[in-house]
Amino acid sequence: MPKEVSLEKIVSLAKRRGFIFPGSEIYGGLSGTWDYGPLGVLLKQKLIDWWRDYFVHQRSDMLMVDSSILMNSRVWRASGHTETFTDPLVECQNCHNRFRADKIDLSICPNCSKKNTFGEARNFNLMFQTLIGPNSIQDQSLEIDKNKLLDLINHQSSDLLKFNLNDFSSLVNPSLVYLRPETAQGIFTNFKNIIDSIYPDIPFGLAQYGKAFRNEISPRDFIFRSREFEQLEIEYFVRPQEWQKHFDQWVVFIQDWYQLIGLNQKSIHLLEVPKGDLAHYSKRTIDFEYDFPIGKEELSGLAYRTDFDLKNIVNFSNKNIEYRDKKTNESFIPHVIEPSFGVERMIMAILTEAYTEEVMEDQSSRVVLRLAKQLAPIKVVVSPLLKNNQPLVDKAFLLFKSLKKELKFVLYDDNGNIGKRYRRADEIGTPYCVTIDFQSLEDDTVTVRDRDTTSQERVSINQLIEYLNQ
Ligand code: GAP
């Protein structure tokens with residue numbers, strides 16, 4: 001059952017309260033890019049920290065790598081991305097707008113409404129290109145070579161024809177590189193380095209998080225489909241005959257993760273991706289779908305990549321990257337299970353799940369983000385009951401400073417009346433509000449108000465940190 005919250009409300013809250021802003025907004029924006037504000041940075045960082053803890057540090061079979069975004073373009077030829085990482089693109093013959101063919105009704109143009117206006121779809125490669133090094137600026141001699149070679153391709157059937165245009169331009173222009181469209185390849189290309197330097201026992205996993213870039217034809221739905229986004233990926237290397245067992249274990253481990261970060265189990269759906277829709281590297285994929293405000297859509301994926309990537313690296317590099325079992329001395333190329341997460345989609349799911357509008361007992365209403373406490377950007381807001389009473393202000397500020405040292409994510413707020421401060425704290429998901437009032441001056445206690453129940457408790461300042469940490 002989809003949560004009844006509109007995407008507009010989430011986008012509006014995200015902007016109003018400094019979570020997420022449209023990229024380059026002051027210059028009219030840049031489609032498919034988003035910037036994180038102060039609270040968004042904290043939410044994202046806490047999510048990544050938690051992911052790393054759960055998927056890496058709490059297990060004994062996981063290691064991390066952090067590879068470059070820019071990689072030798074042979075990486076993408078070997079992985080099949082220059083050839084097959086495409087979406088079908090159609091152009092309206094009337095208004096010349098371009099669309100992703102599998103996302104629109106092709107009988108009528110969504111822009112100008114003209115009927116039967118689309119020609120054949122062509123494959124549009126989603127990788128961003130850039131040029132590397134001081135020789136990269138449109139070198140004339142390279143341009144001439146390129147033309148000669150194009151001529152060759154047009155007039156002769158030669159071996160060159162087996163390259164597509166992306167392969168071809170990187171041959172002609174050695175400065176051409178791609179912004180990585182998945183972090184996964186930075187793991188595969190380091191596989192040999194890891195087994196040579198660390199020599200882990202199989203099964204083992206390598207995890208990496210970082211930016212990925214895709215020149216999406218139609219970026220849309222807030223951060224759901226962006227051109228620049230962050231991935232959290234694991235390549236889990238197993239004995240070929242054991243892939244099924246490990247795949248099944250990962251399904252459960254991922255389901256537990258979503259429960260842990262506060263997503264309703266009923267809103268998560270497992271989709272066995274039909275054979276015809278599998279990515280070029282996968283023999284089996286389960287998509288974890290979530291009931292987003294835009295409908296049921298992919299949140300993350302779990303793929304069985306076989307030995308596709310490692311074998312391609314062997315073919316393209318001529319290096320031996322077999323794994324040798326320490327006990328049996330047997331050598332083989334491992335198979336790979338890949339749990340792959342997108343930070344933006346997880347954040348969108350978390351905000352959807354947490355966003356709640358409530359009518360209070362006194363008939364006033366509030367918006368509250370019921371975030372898992374571990375994800376709340378601000379853990380505690382400290383306030384004096386009255387802003388213009390010096391003893392209250394002094395004591396509140398002293399308490400704020402000492403809590404900040406211990407708990408870090410603490411905010412001081414003395415704007416407006418206490419009710420307004422609670423509403424502001426609720427809206428950004430702050431679990432606790434601590435207020436210094438007149439009784440505090442007498443007995444060193446404070447009121448602690450709980451975000452979810454709105455109930456208040458009197459707690460001694462001496463025991464406050466322990467109470468908040470519980
Ligand atoms: N290495 C495997 C891989 O990249 P994918 O299904 O193409 O698989 C994995 O991407 C995850 O990355 C997706 O499940 C999604 O969470 C996220 N993702 C992919 N494209 C995205 C985009 N344009 N914007 C935001 N997140 C995206």
# chains A, B, ... in the order shown; residues from 1 in each chain; ligands from 1
$ residues_around --residues "Gly23 (chain A)" --least-positions-apart "4" --cutoff "10 Å" --atoms "only C-alpha atoms" --output "compact mmCIF listing (two decimals) with all heavy atoms, in the first residue's frame"
# COMPACT_ATOMS: atom_id res chain seq x y z
N TYR A 27 21.41 29.89 -11.30
CA TYR A 27 21.57 30.14 -12.74
C TYR A 27 20.51 29.43 -13.57
O TYR A 27 20.74 29.10 -14.73
CB TYR A 27 22.96 29.70 -13.20
CG TYR A 27 24.06 30.58 -12.66
CD1 TYR A 27 24.95 30.12 -11.72
CD2 TYR A 27 24.18 31.90 -13.11
CE1 TYR A 27 25.94 30.93 -11.21
CE2 TYR A 27 25.17 32.72 -12.61
CZ TYR A 27 26.06 32.24 -11.66
OH TYR A 27 27.03 33.05 -11.18
N GLY A 28 19.41 29.10 -12.94
CA GLY A 28 18.32 28.46 -13.69
C GLY A 28 18.37 26.95 -13.62
O GLY A 28 17.57 26.27 -14.25
N GLY A 29 19.33 26.40 -12.88
CA GLY A 29 19.36 24.96 -12.66
C GLY A 29 20.16 24.20 -13.70
O GLY A 29 20.56 24.75 -14.72
N LEU A 30 20.39 22.93 -13.41
CA LEU A 30 21.02 22.01 -14.37
C LEU A 30 20.31 20.68 -14.18
O LEU A 30 20.42 20.06 -13.12
CB LEU A 30 22.52 21.88 -14.10
CG LEU A 30 23.25 20.97 -15.08
CD1 LEU A 30 23.28 21.55 -16.49
CD2 LEU A 30 24.68 20.69 -14.61
N SER A 31 19.59 20.29 -15.21
CA SER A 31 18.69 19.14 -15.09
C SER A 31 19.42 17.87 -14.61
O SER A 31 20.50 17.53 -15.12
CB SER A 31 18.07 18.92 -16.47
OG SER A 31 17.26 17.81 -16.43
N GLY A 32 18.81 17.21 -13.64
CA GLY A 32 19.37 15.93 -13.17
C GLY A 32 20.46 16.09 -12.13
O GLY A 32 21.15 15.11 -11.82
N THR A 33 20.65 17.31 -11.60
CA THR A 33 21.67 17.50 -10.55
C THR A 33 21.02 18.11 -9.31
O THR A 33 20.10 18.93 -9.41
CB THR A 33 22.80 18.44 -11.00
OG1 THR A 33 22.27 19.76 -11.21
CG2 THR A 33 23.46 17.95 -12.28
N TRP A 34 21.49 17.69 -8.15
CA TRP A 34 20.92 18.14 -6.87
C TRP A 34 22.04 18.42 -5.88
O TRP A 34 23.06 17.73 -5.90
CB TRP A 34 19.98 17.06 -6.30
CG TRP A 34 18.81 16.83 -7.20
CD1 TRP A 34 18.74 15.96 -8.24
CD2 TRP A 34 17.56 17.54 -7.19
NE1 TRP A 34 17.52 16.06 -8.86
CE2 TRP A 34 16.78 17.03 -8.24
CE3 TRP A 34 17.03 18.56 -6.38
CZ2 TRP A 34 15.49 17.49 -8.52
CZ3 TRP A 34 15.74 19.02 -6.66
CH2 TRP A 34 15.00 18.49 -7.71
N ASP A 35 21.84 19.43 -5.03
CA ASP A 35 22.85 19.77 -4.02
C ASP A 35 22.29 19.47 -2.62
O ASP A 35 21.11 19.73 -2.36
CB ASP A 35 23.21 21.26 -4.10
CG ASP A 35 23.89 21.59 -5.42
OD1 ASP A 35 24.36 20.65 -6.10
OD2 ASP A 35 23.94 22.79 -5.78
N TYR A 36 23.17 18.97 -1.77
CA TYR A 36 22.75 18.70 -0.38
C TYR A 36 23.07 19.89 0.49
O TYR A 36 24.18 20.41 0.48
CB TYR A 36 23.48 17.45 0.15
CG TYR A 36 22.90 16.17 -0.43
CD1 TYR A 36 23.26 15.73 -1.69
CD2 TYR A 36 21.97 15.42 0.29
CE1 TYR A 36 22.72 14.57 -2.23
CE2 TYR A 36 21.42 14.26 -0.24
CZ TYR A 36 21.80 13.85 -1.50
OH TYR A 36 21.26 12.72 -2.03
$ residues_near_ligand --ligand "ligand 1" --cutoff "9 Å" --atoms "only C-alpha atoms and all ligand atoms" --output "VMD selection string"
chain A and resid 32 181 to 185 212 to 216 219 to 220 223 to 235 279 287 to 289 298 to 303 338 to 346
$ write_last_selection --atoms "C-alpha atoms" --output "compact mmCIF listing (two decimals), in the first residue's frame"
# COMPACT_ATOMS: atom_id res chain seq x y z
CA GLY A 32 19.37 15.93 -13.17
CA PRO A 181 28.44 4.98 -14.71
CA GLU A 182 28.77 2.44 -11.85
CA THR A 183 31.26 2.17 -9.00
CA ALA A 184 31.44 -1.61 -9.52
CA GLN A 185 34.19 -1.55 -12.16
CA ALA A 212 28.37 7.61 -10.42
CA PHE A 213 27.26 9.52 -13.51
CA ARG A 214 24.70 8.72 -16.19
CA ASN A 215 23.55 10.99 -18.96
CA GLU A 216 19.91 10.01 -18.38
CA PRO A 219 16.07 12.80 -15.39
CA ARG A 220 12.93 13.06 -13.30
CA ILE A 223 16.47 12.75 -6.88
CA PHE A 224 15.02 9.44 -8.12
CA ARG A 225 16.60 9.58 -11.57
CA SER A 226 19.58 11.94 -11.50
CA ARG A 227 22.54 12.39 -13.80
CA GLU A 228 24.96 12.51 -10.88
CA PHE A 229 24.27 10.28 -7.89
CA GLU A 230 25.97 8.15 -5.30
CA GLN A 231 26.18 4.36 -5.27
CA LEU A 232 26.98 1.95 -2.46
CA GLU A 233 28.11 -1.28 -4.06
CA ILE A 234 29.41 -4.67 -3.04
CA GLU A 235 30.99 -7.30 -5.24
CA ALA A 279 21.41 -6.16 -17.71
CA ASP A 287 15.11 -5.69 -7.80
CA PHE A 288 14.05 -4.38 -4.42
CA GLU A 289 11.17 -2.08 -5.25
CA GLU A 298 13.39 0.17 -8.14
CA LEU A 299 15.14 1.05 -4.91
CA SER A 300 18.16 -1.24 -5.26
CA GLY A 301 19.30 -4.36 -7.07
CA LEU A 302 20.89 -7.71 -6.34
CA ALA A 303 22.56 -9.28 -9.36
CA GLU A 338 26.37 -7.83 -6.43
CA PRO A 339 24.15 -5.95 -3.96
CA SER A 340 23.94 -2.44 -5.42
CA PHE A 341 22.31 0.53 -3.66
CA GLY A 342 21.67 4.12 -4.69
CA VAL A 343 21.99 6.71 -1.92
CA GLU A 344 19.47 9.08 -3.51
CA ARG A 345 16.77 6.43 -3.84
CA MET A 346 17.31 5.30 -0.26
$ closest_residue --among "A:Leu351, A:Ile294, A:Leu310, A:Ala78" --to "Leu375 (chain A)" --atoms "only C-alpha atoms"
A:Leu351
$ residues_around --residues "region 37-45 of chain A" --least-positions-apart "3" --cutoff "7 Å" --atoms "only C-alpha atoms" --output "MDAnalysis selection string"
chainID A and resid 18:21 48:49 375:377
$ write_last_selection --atoms "N, CA and C atoms" --output "mmCIF file, in the first residue's frame"
data_model
loop_
_atom_site.group_PDB
_atom_site.id
_atom_site.type_symbol
_atom_site.label_atom_id
_atom_site.label_comp_id
_atom_site.auth_asym_id
_atom_site.auth_seq_id
_atom_site.Cartn_x
_atom_site.Cartn_y
_atom_site.Cartn_z
ATOM 1 N N GLY A 18 16.457 22.872 4.187
ATOM 2 C CA GLY A 18 17.901 22.735 3.950
ATOM 3 C C GLY A 18 18.402 21.312 3.839
ATOM 4 N N PHE A 19 17.572 20.410 3.316
ATOM 5 C CA PHE A 19 18.067 19.056 3.044
ATOM 6 C C PHE A 19 18.666 18.988 1.637
ATOM 7 N N ILE A 20 17.816 19.276 0.623
ATOM 8 C CA ILE A 20 18.246 19.097 -0.770
ATOM 9 C C ILE A 20 17.724 20.242 -1.631
ATOM 10 N N PHE A 21 18.622 20.819 -2.438
ATOM 11 C CA PHE A 21 18.264 21.925 -3.336
ATOM 12 C C PHE A 21 18.507 21.511 -4.789
ATOM 13 N N ILE A 48 25.255 6.592 5.007
ATOM 14 C CA ILE A 48 26.434 5.890 4.480
ATOM 15 C C ILE A 48 27.212 5.220 5.626
ATOM 16 N N ASP A 49 27.355 5.941 6.750
ATOM 17 C CA ASP A 49 28.066 5.358 7.910
ATOM 18 C C ASP A 49 27.394 4.072 8.363
ATOM 19 N N LEU A 375 19.415 8.105 12.100
ATOM 20 C CA LEU A 375 19.544 8.889 10.862
ATOM 21 C C LEU A 375 19.213 10.365 11.053
ATOM 22 N N ALA A 376 18.620 10.703 12.197
ATOM 23 C CA ALA A 376 18.179 12.093 12.389
ATOM 24 C C ALA A 376 19.378 13.033 12.292
ATOM 25 N N PRO A 377 19.315 14.044 11.420
ATOM 26 C CA PRO A 377 20.473 14.946 11.267
ATOM 27 C C PRO A 377 20.820 15.635 12.583
#
$ select_by_dssp --residues "region 180-370 of chain A" --states "strand (DSSP E)" --output "ChimeraX atom specification"
/A:204-213,228-238,268-272,284-292,295-306,323-324,331-332,335-342,355-359,365-369
$ residues_around --residues "His280 (chain A)" --least-positions-apart "3" --cutoff "12 Å" --atoms "only C-alpha atoms" --output "PyMOL selection string"
chain A and resi 79-86+275-277+283-285+303-306+308-309
$ write_last_selection --atoms "N, CA, C and O atoms" --output "compact mmCIF listing (two decimals), in the first residue's frame"
# COMPACT_ATOMS: atom_id res chain seq x y z
N SER A 79 34.04 -4.08 -19.97
CA SER A 79 32.81 -4.34 -19.19
C SER A 79 31.57 -4.40 -20.07
O SER A 79 30.50 -4.77 -19.60
N GLY A 80 31.72 -3.97 -21.32
CA GLY A 80 30.56 -3.98 -22.23
C GLY A 80 29.77 -2.69 -22.20
O GLY A 80 28.77 -2.55 -22.92
N HIS A 81 30.21 -1.70 -21.38
CA HIS A 81 29.41 -0.47 -21.26
C HIS A 81 29.45 0.39 -22.53
O HIS A 81 28.46 1.04 -22.84
N THR A 82 30.60 0.43 -23.23
CA THR A 82 30.61 1.30 -24.42
C THR A 82 29.63 0.77 -25.47
O THR A 82 29.08 1.53 -26.24
N GLU A 83 29.42 -0.52 -25.44
CA GLU A 83 28.55 -1.12 -26.46
C GLU A 83 27.10 -1.20 -26.02
O GLU A 83 26.19 -0.92 -26.81
N THR A 84 26.88 -1.58 -24.76
CA THR A 84 25.50 -1.94 -24.40
C THR A 84 24.86 -1.07 -23.32
O THR A 84 23.69 -1.28 -22.99
N PHE A 85 25.58 -0.11 -22.76
CA PHE A 85 24.98 0.68 -21.69
C PHE A 85 24.17 1.83 -22.31
O PHE A 85 24.54 3.00 -22.27
N THR A 86 23.04 1.44 -22.90
CA THR A 86 22.26 2.40 -23.68
C THR A 86 20.80 2.37 -23.28
O THR A 86 20.31 1.38 -22.72
N LYS A 275 14.07 -12.65 -17.67
CA LYS A 275 15.32 -12.91 -18.42
C LYS A 275 15.58 -11.86 -19.50
O LYS A 275 16.70 -11.37 -19.65
N GLY A 276 14.54 -11.50 -20.23
CA GLY A 276 14.72 -10.56 -21.34
C GLY A 276 15.08 -9.15 -20.89
O GLY A 276 15.55 -8.33 -21.69
N ASP A 277 14.85 -8.82 -19.62
CA ASP A 277 15.14 -7.46 -19.13
C ASP A 277 16.44 -7.38 -18.35
O ASP A 277 16.79 -6.31 -17.82
N LYS A 283 22.98 -12.86 -14.89
CA LYS A 283 22.22 -14.08 -15.19
C LYS A 283 20.95 -14.14 -14.34
O LYS A 283 20.02 -14.86 -14.63
N ARG A 284 20.98 -13.42 -13.21
CA ARG A 284 19.77 -13.34 -12.39
C ARG A 284 19.82 -12.03 -11.60
O ARG A 284 20.87 -11.65 -11.06
N THR A 285 18.68 -11.34 -11.54
CA THR A 285 18.62 -10.11 -10.75
C THR A 285 17.30 -10.05 -9.99
O THR A 285 16.25 -10.36 -10.54
N ALA A 303 22.33 -8.59 -8.09
CA ALA A 303 22.56 -9.28 -9.36
C ALA A 303 23.57 -10.40 -9.19
O ALA A 303 24.51 -10.31 -8.39
N TYR A 304 23.36 -11.45 -9.97
CA TYR A 304 24.36 -12.53 -10.08
C TYR A 304 25.13 -12.24 -11.37
O TYR A 304 24.64 -12.47 -12.46
N ARG A 305 26.35 -11.71 -11.22
CA ARG A 305 27.13 -11.25 -12.38
C ARG A 305 28.02 -12.35 -12.94
O ARG A 305 28.85 -12.08 -13.81
N THR A 306 27.90 -13.55 -12.43
CA THR A 306 28.74 -14.70 -12.83
C THR A 306 30.23 -14.30 -12.80
O THR A 306 30.64 -13.52 -11.94
N PHE A 308 31.46 -12.82 -15.47
CA PHE A 308 31.43 -11.95 -16.65
C PHE A 308 32.53 -10.88 -16.61
O PHE A 308 33.32 -10.73 -17.52
N ASP A 309 32.60 -10.16 -15.50
CA ASP A 309 33.52 -9.01 -15.45
C ASP A 309 34.98 -9.45 -15.34
O ASP A 309 35.85 -8.93 -16.05
$ closest_atom_pairs --of "region 6-120 of chain A" --to "region 254-266 of chain A" --cutoff "12 Å" --atoms "only C-alpha atoms" --output "tab-separated table"
residue	atom	partner	partner_atom	distance
A:Leu43	CA	A:Ile261	CA	11.9
A:Lys46	CA	A:Ile261	CA	10.8
A:Leu47	CA	A:Ile261	CA	8.4
A:Ile48	CA	A:Ile261	CA	11.3
A:Asp49	CA	A:Ile261	CA	12.0
A:Trp50	CA	A:Ile261	CA	8.7
A:Trp51	CA	A:Trp257	CA	8.4
A:Arg52	CA	A:Trp257	CA	11.4
A:Asp53	CA	A:Trp257	CA	11.1
A:Tyr54	CA	A:Trp257	CA	7.8
A:Phe55	CA	A:Trp257	CA	8.9
$ closest_residue --among "A:Asp414, A:Asp105, A:Asp444, A:Asp452" --to "Arg370 (chain A)" --atoms "only C-alpha atoms"
A:Asp452
$ residues_around --residues "region 396-409 of chain A" --least-positions-apart "5" --cutoff "6 Å" --atoms "only C-alpha atoms" --output "PyMOL selection string"
chain A and resi 378-379+382+384+436
